[in-house]
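In what follows, a structure is listed as structure tokens, so that the remarks can point back to it.
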Protein chains: 2
Amino acid sequence: MTARTLQGFMELLPEEQIVMEHMKSVIAHTYELFGFAPLDTPVLELAEVLLSKSGGDTEKQIYEFKKGDTSLAMRFDLTVPLAKYVALYNNNLTFPFKRYQIGKVYRGERPQKGRFREFYQCDIDIIDRDELNIVHDAEVLAVIYTVFNKLELPAFKIYINNRKLLSGFLDNLNVADKTVDVLRLVDKIKKIPEEAFLGELGDLGLPESKNQKLLEFIKINGSNNEIIAKLEDFKIENEAFQTGLDELKTVIAQAQALGIPNNNVQIDLSITRGLDYYTGTVYETFFDEYPEFGSVCSGGRYDNLSSVFMDKKFPGVGISIGLTRLYDQLHNKGLLKIKGPTPNKVLVITQSSDYANNALELLAALRKEDIAADMLLRECKFKKKMEYANKVQIPYLVIIGEDEAVNNYYTLKDMTSGEQFKFSLHELISKVK
Amino acid sequence: MTARTLQGFMELLPEEQIVMEHMKSVIAHTYELFGFAPLDTPVLELAEVLLSKSGGDTEKQIYEFKKGDTSLAMRFDLTVPLAKYVALYNNNLTFPFKRYQIGKVYRGERPQKGRFREFYQCDIDIIDRDELNIVHDAEVLAVIYTVFNKLELPAFKIYINNRKLLSGFLDNLNVADKTVDVLRLVDKIKKIPEEAFLGELGDLGLPESKNQKLLEFIKINGSNNEIIAKLEDFKIENEAFQTGLDELKTVIAQAQALGIPNNNVQIDLSITRGLDYYTGTVYETFFDEYPEFGSVCSGGRYDNLSSVFMDKKFPGVGISIGLTRLYDQLHNKGLLKIKGPTPNKVLVITQSSDYANNALELLAALRKEDIAADMLLRECKFKKKMEYANKVQIPYLVIIGEDEAVNNYYTLKDMTSGEQFKFSLHELISKVK
């Protein structure tokens, strides 16, 4: 039997995994700092539950199968399971409900470089009943900003927009009936040439004069204040447009109050996030020098999380970091600055196996002090043991031989400085701590 | 569409999930304290890889399906994926290789109370090339002991045995050819009456005199030293038996050197772990007062981890904690003493939304100091906000109103003592920290 891992499924070496786990724990810790509570939902759900909201590509990519008479599917995101969760348990939840979830999701895409079939999503969502304060849209920006800084990622910008602006603008052009299609098309603007974009707009049946106006609109640029000023100058008396503008202004101002540097948030009127699902603020995040990575953190505001499952209204706002792909891209480009903790602080080796019990007693004492410690008790030459100690890059080495055992002390070697000490247990612990 | 979660799949409320996550992180931290590095392998593998080693029940329980022409399966444990991993990457690993993995596994059992189809296993294994020092068998005991203490679990005992003792004993009785069947039967001794056990031994074709001897052997009891003395008294000159006895004595002595109280480790010659897989030390762990929970942590020593995949020999020793079931049983009996961290330390509320930006600035300052903080900025009456603060059981409440905003201070309420303070930002941070 040949050992083999499926294509598109990440598997790391221990030293890489330590970094990945550290990234996960930094993300979790930051989410908690902002008041989000952890959630865990099954990887497997009833196929009808998972597919209740999707269509098109998702259905093709989903891992779906039968067990007995039941159609099961592996989750392809963490949002549909959240919608189900809120529908099931809303009577037991305190609102606003802030949850984070870090978990694997599955998409059976055709495997290609940089694409994964199993990957971690790291999601936050804030859900309320009936209405959700706009401040949470700004809070999401602060979370992204803080997480990205703590992960020591390359320089980045969070691009934001409000879908109501474009809907209102289209309504004002009297083409409101095309809104869904146009927003989906605008989402592609950065990937296709301008003519192709105008052509596709034409295909939707929009008159050329309006298409030019639309193109000008989504190309408005400048600082956040400049863009807001230009939007105000339009003086469009459309309710959706004005609400979108107010919300955008509030979010930008509150982002400043939350201490996010201006340089990290940029209004971009061409950001729409294709999905029908979003109804207000939308986010995408790009690295300044690596736009080819695509958006590394996206999300937005939605009016009704659980509409497929129930009548009650649960508006929310959330984002997702695709961690597996992010790790992979950074790793491949040598851009991972963050380091995981050193697995062990102390390695104990003995001159011979006669001193094994001395080593074990020392290990017990160190671990009691919460000092990660390990030993190498292989039957091998002392030289081999020293080679191992150098290889595993341990900060402190303790050597136990006859003299140490008889005279009840420990020889500690600081592997960074090369210094060597004769220590009592107490001295050894203080030094290492 | 009705929201529904599959039977046998655990889904917790946020306050429960916080405890579960805390348990996972205590387990991970303890494993790291003992020098284990994290590992993560795919949930999905090629069916032929996962089924390479199994048979019988496992095959019936496995979630297996086709995607295109490929037969896929969801992992049913973390051991087969480890065997695959070591076969694939052994050239890049440093031995002894100590890894831990905390992940979900899947078994499509008939659903019944207390049984889960998706559950967490928390595994450690220590693998070496060719030979693995016996000290690691004792180390495993120390890990279980430390984890269980840190999880604040009920009083427990780790029952250990060495399969070589029983194999040697059977060899000495000239029934070595029945070893596999007998060991599997002995594994059931606590679940069936003595007569039924003897009857089944008879069915295996063993003569009655030998069966009585076997029964007496596995019923030997007393303190660890007494059992060892009785085993020595047998004076069985069989190599496997003597090796098993030496190993058991070493493990018991080393467990003492590692500081494990005698009371927490008990030799039990009837422990065999049914699987053919184990070749030396075997472990099971029971709560003293809740034997009906079954073994909550089991494992053992094996000669060759990756034998299905390759010729090289990788002996190892490991254990697994079935966390989902453990959590469920403890939770149902009200035995969970461990508490997760309080999600937030500080809640900020405002007299009116005019002070929203003051609240946001305070939140930014607190989070910069790594203090988990949140706000309630709903448009609702102040009384409602106070009700929320009481409901979420926050340790500290900060109130911002006109006076605070104008005179630049914060009103902090210690929700435990009921005391109220007027604080500068600096004072507030020191108090809360």
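Within each chain, counting starts at residue 1; across the structure tokens, chains are named A, B, ... in the order shown, with ligands numbered 1 upward in that order.
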Contact residues (chain B, partner chain A, 7 Å, only C-alpha atoms) as a PyMOL selection string: chain B and resi 1-3+5-6+9+11+14+17-18+32-35+37-42+45-46+49+65+84+87-88+133+254+257-259+308-309+343-344+357+360-361+364+367+370-374+377-378
Counting only C-alpha atoms, what is within 12 Å of Lys213 in chain B, bar same-chain residues fewer than 3 positions away, as a JSON list (two decimals) with N, CA and C atoms, in the first residue's frame?
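The resulting part35.json:
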```json
[["chain", "number", "residue", "atom", "x", "y", "z"],
["B", 166, "LEU", "N", 1.04, -11.77, 29.19],
["B", 166, "LEU", "CA", 0.00, -12.73, 28.87],
["B", 166, "LEU", "C", 0.43, -13.63, 27.69],
["B", 169, "PHE", "N", 2.80, -16.05, 29.10],
["B", 169, "PHE", "CA", 2.08, -17.00, 29.94],
["B", 169, "PHE", "C", 1.37, -18.06, 29.08],
["B", 170, "LEU", "N", 0.75, -17.61, 27.99],
["B", 170, "LEU", "CA", 0.06, -18.55, 27.09],
["B", 170, "LEU", "C", 1.06, -19.46, 26.38],
["B", 172, "ASN", "N", 3.86, -20.37, 27.59],
["B", 172, "ASN", "CA", 4.28, -21.30, 28.62],
["B", 172, "ASN", "C", 3.26, -22.42, 28.84],
["B", 173, "LEU", "N", 1.98, -22.10, 28.57],
["B", 173, "LEU", "CA", 0.92, -23.12, 28.67],
["B", 173, "LEU", "C", 0.79, -23.93, 27.37],
["B", 198, "LEU", "N", -15.16, -18.39, 30.74],
["B", 198, "LEU", "CA", -14.56, -19.73, 30.66],
["B", 198, "LEU", "C", -15.17, -20.52, 29.50],
["B", 201, "LEU", "N", -13.62, -19.37, 26.34],
["B", 201, "LEU", "CA", -12.25, -19.92, 26.24],
["B", 201, "LEU", "C", -12.32, -21.36, 25.75],
["B", 206, "LEU", "N", -9.44, -24.42, 24.18],
["B", 206, "LEU", "CA", -8.45, -24.53, 25.26],
["B", 206, "LEU", "C", -8.94, -25.51, 26.33],
["B", 207, "PRO", "N", -8.05, -26.35, 26.82],
["B", 207, "PRO", "CA", -8.44, -27.30, 27.87],
["B", 207, "PRO", "C", -8.76, -26.59, 29.18],
["B", 208, "GLU", "N", -9.68, -27.20, 29.95],
["B", 208, "GLU", "CA", -10.21, -26.52, 31.13],
["B", 208, "GLU", "C", -9.16, -26.18, 32.18],
["B", 209, "SER", "N", -8.20, -27.07, 32.38],
["B", 209, "SER", "CA", -7.18, -26.83, 33.40],
["B", 209, "SER", "C", -6.41, -25.54, 33.10],
["B", 210, "LYS", "N", -6.10, -25.38, 31.82],
["B", 210, "LYS", "CA", -5.34, -24.19, 31.43],
["B", 210, "LYS", "C", -6.19, -22.94, 31.58],
["B", 216, "GLU", "N", -7.06, -17.41, 36.91],
["B", 216, "GLU", "CA", -6.35, -17.01, 38.13],
["B", 216, "GLU", "C", -5.30, -15.93, 37.84],
["B", 217, "PHE", "N", -4.60, -16.13, 36.73],
["B", 217, "PHE", "CA", -3.53, -15.20, 36.36],
["B", 217, "PHE", "C", -4.08, -13.78, 36.17],
["B", 218, "ILE", "N", -5.11, -13.65, 35.38],
["B", 218, "ILE", "CA", -5.58, -12.29, 35.09],
["B", 218, "ILE", "C", -6.31, -11.68, 36.28],
["B", 219, "LYS", "N", -6.64, -12.52, 37.28],
["B", 219, "LYS", "CA", -7.32, -11.98, 38.47],
["B", 219, "LYS", "C", -6.36, -11.62, 39.60],
["B", 220, "ILE", "N", -5.06, -11.80, 39.37],
["B", 220, "ILE", "CA", -4.07, -11.45, 40.40],
["B", 220, "ILE", "C", -4.27, -9.99, 40.80],
["B", 234, "PHE", "N", 6.06, -16.74, 39.95],
["B", 234, "PHE", "CA", 5.74, -17.75, 38.94],
["B", 234, "PHE", "C", 6.99, -18.42, 38.39]]
```
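Of the listed residues (A:Lys413, A:Ser430, A:Glu289, A:Asp246), A:Lys413 comes nearest to Val398 in chain A; the distances count only C-alpha atoms.
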DSSP alpha helix (DSSP H) residues within range 282-345 of chain B, as a compact mmCIF listing (two decimals) with C-alpha atoms, in the first residue's frame:
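Wrote out.txt, looks like this:
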```txt
# COMPACT_ATOMS: atom_id res chain seq x y z
CA LEU B 323 -12.87 14.41 24.50
CA THR B 324 -16.41 14.79 23.13
CA ARG B 325 -17.77 11.82 25.07
CA LEU B 326 -15.78 12.77 28.17
CA TYR B 327 -17.19 16.30 28.08
CA ASP B 328 -20.70 14.99 27.52
CA GLN B 329 -20.57 12.48 30.38
CA LEU B 330 -19.08 14.96 32.85
CA HIS B 331 -21.49 17.67 31.78
CA ASN B 332 -24.54 15.42 32.14
```
All strand (DSSP E) positions in range 298-402 of chain A, as a ChimeraX atom specification: /A:298-302,316-322,346-350,373-376,396-400
